[in-house]
Each structure stands twice: as structure tokens, then as C-alpha cells.
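Report on one structure; see the data block that follows.
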Amino acid sequence: MSTNQSPPSRTRIDKRAWLLLLGSFTLLMVAYFTVPLRRLGADRPLLSWVVFAAALVVLSALLIARMSDVVRGTGRHPGVWLVFLICLAMTIFAATYYVLSARPDEFVGLESRLDALYFTIVTMSTVGYGDITPAGQAPRLVVMLQIAYNFVFLAAAAGVLSRQIRTGVESRARRRHPGDG
């Protein structure tokens, strides 16, 4: 391979990675909308909190590992992984809100899985429309945890992802116009 050639089929690999992300996100949403989440909740509060905490710990470890891959330039498609993990975080919080909403008076306006997903996205984006509100102490705790999680982990992941995209764009521009550097 000469020095002017780029690695073979680099764009094809990227397209496959993004297709894999789309498929994974689709499966994640199918699971979210079909898994019987209400088996957790009011009848098994300790188990519910342990599952929630374990999911956040595992997710945090995966996010840190993928962010490290991006910073070091290692791993296969760490940017795609970061996008998937952000979607997974969204799903974990939505599932938690849905489980919590089974108890009366815990949420105002949250009645379905779609409501829970909507509330999670509104909370993640810091828009806060106010049409769904946590009324009970447990939902308020989870909302506070989500906001803190967004600030610490998801903002860091988004920043690392943004850096990777910017570096990739700059690298492609340098390859196209080598004398402009």
C-alpha cells in the first residue's frame, strides 16, 4: 500500500458499525416496550433498587472504558459505542420511571412506557416541560440521580464523542487538502 492510499474499505466498516448501532437501538427499544418491567417495583423494592444501582454501575464502567478508548484512539468504533451507551442510559432511566409509576401518587402524568421514555428525554435535554412531574420521594430521587448522571457521565461522553467527530473531520480535511495545513 502506498502512502497516498487510505485504509481499505474504511467507510464500509463505519457504515456497518452505524447499521449495527441502529439494529442494537431497535432491539433495545423492542426490549424496553416488551419486557415485563412491572415485576420489579412496589412488590420487590429492594430488588428494584439493586437492579437499578447495578445497571448504573455497569453502564458507568462501560462509558468510562469507551471514553478512554476514544481518548487513546483504541478500540473498535468507540464513538458508536458511546452513542449506544447514551441510548442505554436513556432506556435504564425510562424503565425505572415506568416501574416507579406503578405506585399511586408517585408521578403526575406518567402512565405508559412512552410517557416514561418521553419524560427521560425531556429530563436529559433539560427542557422540563412540566407536563409529567415526580410527586413521590423515590421518583424525585431518581430524577436527581439522572440529572447528576447526565452532568457527570453523559456530558463527558458527549464531549468525548464531539472531540472524536471534530478530529475525524479535521483529519479528512487534511488528507483531501494536504498543503492547507
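How things are named: the first chain in the C-alpha cells is A, the next is B, and so on; residues count from 1 in each chain; ligands count from 1 in the order shown.
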
- Item | Residue contacts of stretch 114-125 of chain A (9 Å, only C-alpha atoms) excluding same-chain residues fewer than 4 positions away, as a count of residues only | 20

- Please identify all polymer residues within 10 Å of A:Leu59, counting only C-alpha atoms, omitting same-chain residues fewer than 2 positions from it, and present them as a list in words.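 Surrounding residues, per the criterion: Ala53, Ala54, Ala55, Leu56, Val57, Ala61, Leu62, Leu63, Ile64, Ala65, Leu85, Ile86, Leu88, Ala89, Ile92 and Phe153 of chain A.
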
Save the residues we just selected, N, CA and C atoms, as a short mmCIF file (atom, residue, chain, number, x, y, z; two decimals), in the first residue's frame?
```
data_model
loop_
_atom_site.label_atom_id
_atom_site.label_comp_id
_atom_site.auth_asym_id
_atom_site.auth_seq_id
_atom_site.Cartn_x
_atom_site.Cartn_y
_atom_site.Cartn_z
N ALA A 53 -29.25 0.20 40.64
CA ALA A 53 -27.88 0.58 41.01
C ALA A 53 -26.86 -0.22 40.20
N ALA A 54 -27.09 -1.52 40.07
CA ALA A 54 -26.16 -2.36 39.30
C ALA A 54 -26.11 -1.92 37.84
N ALA A 55 -27.26 -1.61 37.27
CA ALA A 55 -27.30 -1.15 35.88
C ALA A 55 -26.50 0.13 35.71
N LEU A 56 -26.64 1.06 36.66
CA LEU A 56 -25.89 2.32 36.55
C LEU A 56 -24.39 2.11 36.75
N VAL A 57 -24.01 1.21 37.64
CA VAL A 57 -22.58 0.94 37.86
C VAL A 57 -21.97 0.32 36.61
N ALA A 61 -19.15 2.07 34.13
CA ALA A 61 -17.87 1.43 33.80
C ALA A 61 -17.69 1.32 32.29
N LEU A 62 -18.76 0.94 31.59
CA LEU A 62 -18.68 0.85 30.13
C LEU A 62 -18.45 2.22 29.49
N LEU A 63 -19.14 3.24 30.00
CA LEU A 63 -18.93 4.59 29.46
C LEU A 63 -17.50 5.05 29.67
N ILE A 64 -16.96 4.83 30.85
CA ILE A 64 -15.58 5.24 31.14
C ILE A 64 -14.61 4.48 30.22
N ALA A 65 -14.84 3.19 30.04
CA ALA A 65 -13.96 2.40 29.17
C ALA A 65 -14.01 2.90 27.73
N LEU A 85 -24.37 3.55 24.33
CA LEU A 85 -24.42 3.60 25.79
C LEU A 85 -25.26 4.78 26.29
N ILE A 86 -25.24 5.88 25.56
CA ILE A 86 -26.11 7.00 25.92
C ILE A 86 -27.57 6.59 25.76
N LEU A 88 -28.64 3.53 25.96
CA LEU A 88 -28.89 2.57 27.03
C LEU A 88 -29.18 3.29 28.35
N ALA A 89 -28.46 4.35 28.63
CA ALA A 89 -28.73 5.15 29.84
C ALA A 89 -30.15 5.69 29.80
N ILE A 92 -32.50 2.83 30.61
CA ILE A 92 -32.47 2.43 32.02
C ILE A 92 -33.29 3.40 32.87
N PHE A 153 -21.53 11.78 33.60
CA PHE A 153 -21.18 10.77 32.61
C PHE A 153 -21.61 11.11 31.20
#
```

- Query: Can you list, as a VMD selection string, every residue of chain A that DSSP puts in strand (DSSP E or B)?
  - Reply: chain A and resid 41 44 107 to 108 133 to 134

- Item | Proximity to A:Phe25 - best of A:Phe52, A:Ser68, A:Gly128, A:Trp81, only C-alpha atoms | A:Trp81

- Query: In terms of the shortest atom-to-atom distance over only C-alpha atoms, which of A:Ala42, A:Val70, A:Leu22, A:Val35 is closest to A:Ala138?
  - Reply: A:Ala42

- Message: Could you list, as a PyMOL selection string, every residue within 12 Å of stretch 166-170 of chain A, counting only C-alpha atoms and ignoring same-chain residues fewer than 3 positions away?
- Response: chain A and resi 70-71+73+79+159-163+173-178+180-181

- Apply DSSP to the backbone of this structure and, from chain A, keep only the residues in alpha helix (DSSP H); write these as a PyMOL selection string. chain A and resi 10-34+45-72+78-100+113-124+137-149+155-176

- Minimum-distance residue to A:Leu20, chosen among A:Leu141, A:Val80, A:Leu100, A:Val51 (using only C-alpha atoms):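 Answer, going by the shortest atom-to-atom distance: A:Val80.
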
- Query: atom CA of A:Val152 and atom CA of A:Pro78 are how many Å apart?
  - Reply: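 Between atom CA of A:Val152 and atom CA of A:Pro78 the gap is 18.5 Å.
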
- Query: From the list A:Arg76, A:Glu111, A:Met67, A:Gly130, which residue is nearest A:Ala156 when using only C-alpha atoms?
  - Reply: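 When distances to A:Ala156 are compared using only C-alpha atoms, the smallest one comes from A:Met67.
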
- Record the distance separating atom CA of A:Leu154 and atom CA of A:Ser60, expressed in Å with one decimal. 9.3 Å

- Query: Do you have the atom CA of A:Pro139-atom CA of A:Ala158 distance handy?
  - Reply: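 Straight-line distance from atom CA of A:Pro139 to atom CA of A:Ala158 works out to 25.4 Å.
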
- Nearest-residue call for A:Ser24, choices A:Phe84, A:Arg66, A:Val58, A:Leu47, using only C-alpha atoms: A:Phe84
